[in-house]
file final-v1.cif (mmCIF, C-alpha atoms)
data_start
loop_
_atom_site.label_atom_id
_atom_site.label_comp_id
_atom_site.auth_asym_id
_atom_site.auth_seq_id
_atom_site.Cartn_x
_atom_site.Cartn_y
_atom_site.Cartn_z
CA MET A 211 -218.87 152.75 204.00
CA ALA A 212 -220.85 151.63 200.98
CA GLU A 213 -223.23 148.74 201.35
CA THR A 214 -222.53 145.70 199.17
CA SER A 215 -224.35 142.42 198.74
CA TRP A 216 -221.93 140.61 201.05
CA ASN A 217 -221.31 143.46 203.49
CA ARG A 218 -224.28 145.34 204.96
CA GLY A 219 -222.25 148.30 206.23
CA GLY A 220 -220.11 146.34 208.68
CA PRO A 221 -216.35 146.60 208.96
CA GLN A 222 -214.29 145.46 205.99
CA PRO A 223 -212.57 142.09 206.37
CA PRO A 224 -208.78 142.25 206.63
CA ALA A 225 -206.99 142.36 203.29
CA GLN A 226 -204.93 139.32 204.25
CA PRO A 227 -205.67 136.49 206.64
CA THR A 228 -204.48 137.19 210.16
CA GLN A 229 -203.20 133.61 210.48
CA THR A 230 -201.40 131.45 208.01
CA PRO A 231 -203.85 128.84 206.68
CA VAL A 232 -203.07 125.32 207.82
CA VAL A 233 -202.06 123.15 204.88
CA GLN A 234 -203.56 119.76 205.39
CA GLN A 235 -201.31 116.78 205.16
CA LEU A 236 -202.11 114.34 202.37
CA PRO A 237 -203.04 110.73 203.15
CA PRO A 238 -200.28 108.18 203.86
CA ARG A 239 -198.82 106.50 200.78
CA VAL A 240 -199.82 109.41 198.50
CA THR A 241 -196.63 110.51 196.78
CA ARG A 242 -198.18 113.10 194.47
CA SER A 243 -198.35 116.71 195.60
CA ARG A 244 -201.52 118.58 196.48
CA SER A 245 -201.09 120.70 193.33
CA GLU A 246 -200.78 117.57 191.14
CA LEU A 247 -203.98 116.17 192.63
CA GLU A 248 -205.78 119.49 192.17
CA LYS A 249 -204.61 119.70 188.55
CA LEU A 250 -205.89 116.19 187.81
CA ARG A 251 -209.23 117.03 189.46
CA ASP A 252 -209.51 120.25 187.46
CA ASP A 253 -208.57 118.53 184.20
CA ALA A 254 -211.24 115.88 184.80
CA LEU A 255 -213.83 118.56 185.57
CA ALA A 256 -212.90 120.46 182.40
CA SER A 257 -213.02 117.26 180.33
CA GLN A 258 -216.64 116.58 181.29
CA SER A 259 -217.84 119.12 178.72
CA MET A 260 -215.79 117.53 175.91
CA GLN A 261 -216.92 114.88 173.47
CA PRO A 262 -215.88 111.41 174.72
CA GLY A 263 -213.49 110.87 171.82
CA ASP A 264 -211.69 114.13 172.59
CA VAL A 265 -210.85 113.28 176.21
CA ARG A 266 -207.19 112.32 176.57
CA MET A 267 -207.61 108.86 178.13
CA VAL A 268 -206.54 105.91 176.00
CA TRP A 269 -207.54 103.29 178.58
CA VAL A 270 -211.29 103.87 178.37
CA SER A 271 -213.83 103.32 175.61
CA PRO A 272 -215.96 106.32 174.53
CA ASP A 273 -219.04 104.93 176.29
CA GLY A 274 -217.15 104.80 179.61
CA VAL A 275 -215.57 108.27 179.57
CA ALA A 276 -218.27 109.96 181.68
CA SER A 277 -218.05 107.29 184.41
CA ALA A 278 -214.25 107.34 184.40
CA LEU A 279 -214.15 111.14 184.69
CA GLU A 280 -216.63 111.04 187.55
CA ALA A 281 -214.42 108.47 189.30
CA ILE A 282 -211.29 110.58 188.84
CA ILE A 283 -213.09 113.62 190.28
CA HIS A 284 -214.49 111.67 193.25
CA THR A 285 -211.16 110.01 194.00
CA THR A 286 -209.06 113.18 193.79
CA ARG A 287 -211.57 115.09 195.93
CA TRP A 288 -211.45 112.28 198.49
CA LEU A 289 -207.63 112.33 198.50
CA LEU A 290 -207.66 116.12 198.93
CA GLY A 291 -210.13 115.98 201.83
CA GLU A 292 -212.91 117.64 199.80
CA ARG A 293 -215.16 114.58 199.87
CA GLU A 294 -216.09 112.64 203.00
CA TRP A 295 -216.94 109.18 201.75
CA ALA A 296 -214.67 106.87 199.85
CA PRO A 297 -215.34 106.13 196.20
CA ILE A 298 -216.99 102.74 195.59
CA SER A 299 -217.47 101.62 199.24
CA ARG A 300 -218.83 105.00 200.43
CA GLU A 301 -217.22 104.36 203.82
CA LEU A 302 -216.15 107.29 206.00
CA TYR A 303 -212.56 107.61 207.18
CA ALA A 304 -210.87 110.31 209.23
CA TYR A 305 -208.79 112.60 207.02
CA PRO A 306 -205.90 112.31 206.30
CA ASP A 307 -205.81 108.66 207.47
CA LEU A 308 -207.33 107.30 204.27
CA PRO A 309 -206.71 103.67 203.25
CA VAL A 310 -205.73 104.43 199.65
CA PRO A 311 -204.43 100.90 198.88
CA LEU A 312 -207.72 99.45 200.17
CA ILE A 313 -209.69 101.70 197.81
CA ARG A 314 -207.58 100.43 194.92
CA THR A 315 -208.50 96.88 196.01
CA HIS A 316 -212.18 97.85 196.16
CA ALA A 317 -211.89 99.10 192.58
CA GLU A 318 -210.34 95.81 191.47
CA ASP A 319 -213.11 93.90 193.25
CA ALA A 320 -215.70 95.95 191.35
CA ILE A 321 -213.90 95.50 188.01
CA PHE A 322 -213.72 91.72 188.36
CA GLY A 323 -217.22 91.37 189.81
CA TYR A 324 -216.25 90.16 193.29
CA LYS A 325 -218.17 92.99 195.01
CA TRP A 326 -220.13 96.11 194.18
CA ALA A 327 -221.92 94.75 191.13
CA SER A 328 -223.79 98.04 190.71
CA ILE A 329 -220.51 99.94 190.13
CA SER A 330 -219.56 100.53 186.50
CA GLU A 331 -216.34 98.91 185.30
CA TRP A 332 -215.26 102.32 183.95
CA TYR A 333 -215.95 104.07 187.25
CA ALA A 334 -213.98 101.39 189.10
CA GLY A 335 -211.18 101.71 186.54
CA GLY A 336 -211.04 105.47 187.12
CA VAL A 337 -210.78 104.95 190.87
CA LYS A 338 -208.08 102.32 190.45
CA ARG A 339 -205.98 104.36 188.02
CA THR A 340 -206.27 107.51 190.13
CA ALA A 341 -205.28 105.70 193.34
CA GLN A 342 -202.33 103.98 191.63
CA TRP A 343 -201.16 107.27 190.10
CA ALA A 344 -201.48 109.07 193.44
CA MET A 345 -199.32 106.45 195.17
CA SER A 346 -196.53 106.18 192.59
CA ALA A 347 -194.42 108.65 190.67
CA ALA A 348 -193.88 105.96 188.03
CA GLU A 349 -197.59 105.54 187.14
CA GLU A 350 -199.13 107.18 184.09
CA ARG A 351 -201.56 110.01 184.77
CA PRO A 352 -205.20 108.91 184.22
CA ILE A 353 -205.78 111.90 181.92
CA PHE A 354 -202.87 112.86 179.70
CA GLU A 355 -201.71 116.46 179.88
#

call {"tool": "encode", "arguments": {"input": "final-v1.cif", "output": "structure tokens"}}
result
Amino acid sequence: MAETSWNRGGPQPPAQPTQTPVVQQLPPRVTRSRSELEKLRDDALASQSMQPGDVRMVWVSPDGVASALEAIIHTTRWLLGEREWAPISRELYAYPDLPVPLIRTHAEDAIFGYKWASISEWYAGGVKRTAQWAMSAAEERPIFE
């Protein structure tokens, strides 16, 4: 067998997994699908390289786009189980038992200056909009498709 950078002459890994991967359950109250959350995360990541005026978010001023995108990425990764600590509070919760409504409240507290004074209003707004969208099929997506 030929040696490769990842395989130093050992046996080849199986072509397919021997067990079906376990699909993790999403947190309670999240009505959006895993693929919808992943798409939003990926759209936010892709938007980071764009000029602020070209990002498809009408709710944020150009000077807040970077913070809002960061918030959307952090929040979606947290909802998907890819990030351990909660946005804004940085508290740890066991996945998938995440208190999504509480995180929305934390965002509102940061926006109105009740707590977390060091958190940008735009970051808090991104967390709030992402949490609301994740919990309701009627909410507008934080980044338009």

call {"tool": "residues_around", "arguments": {"input": "final-v1.cif", "residues": "range 270-278 of chain A", "least_positions_apart": "3", "cutoff": "8 Å", "atoms": "only C-alpha atoms", "output": "number ranges by chain"}}
result
A: 258, 262-263, 265, 267, 281-282, 330, 332-337

call {"tool": "atom_distance", "arguments": {"input": "final-v1.cif", "atom1": "CA of Glu350 in chain A", "atom2": "CA of Ser257 in chain A"}}
result
17.6 Å

call {"tool": "resolve_selection", "arguments": {"input": "final-v1.cif", "expression": "the PyMOL selection byres ((chain A and resi 254) around 8)", "output": "ChimeraX atom specification"}}
result
/A:250-253,255-258,279-280,282-283,353

call {"tool": "closest_residue", "arguments": {"input": "final-v1.cif", "among": "A:Arg266, A:Ala317, A:Met345, A:Pro306", "to": "Arg239 in chain A", "atoms": "all atoms listed in the file"}}
result
A:Met345

call {"tool": "atom_distance", "arguments": {"input": "final-v1.cif", "atom1": "CA of Asp307 in chain A", "atom2": "CA of Leu236 in chain A"}}
result
8.5 Å

call {"tool": "atom_distance", "arguments": {"input": "final-v1.cif", "atom1": "CA of Gln261 in chain A", "atom2": "CA of Asp319 in chain A"}}
result
29.1 Å

call {"tool": "resolve_selection", "arguments": {"input": "final-v1.cif", "expression": "the PyMOL selection byres ((chain A and resi 293) around 12)", "output": "PyMOL selection string"}}
result
chain A and resi 283-292+294-297+300-306+308

call {"tool": "residues_around", "arguments": {"input": "final-v1.cif", "residues": "Ala341 in chain A", "least_positions_apart": "3", "cutoff": "6 Å", "atoms": "all atoms listed in the file", "output": "list in words"}}
result
Arg314, Lys338 and Ala344 of chain A
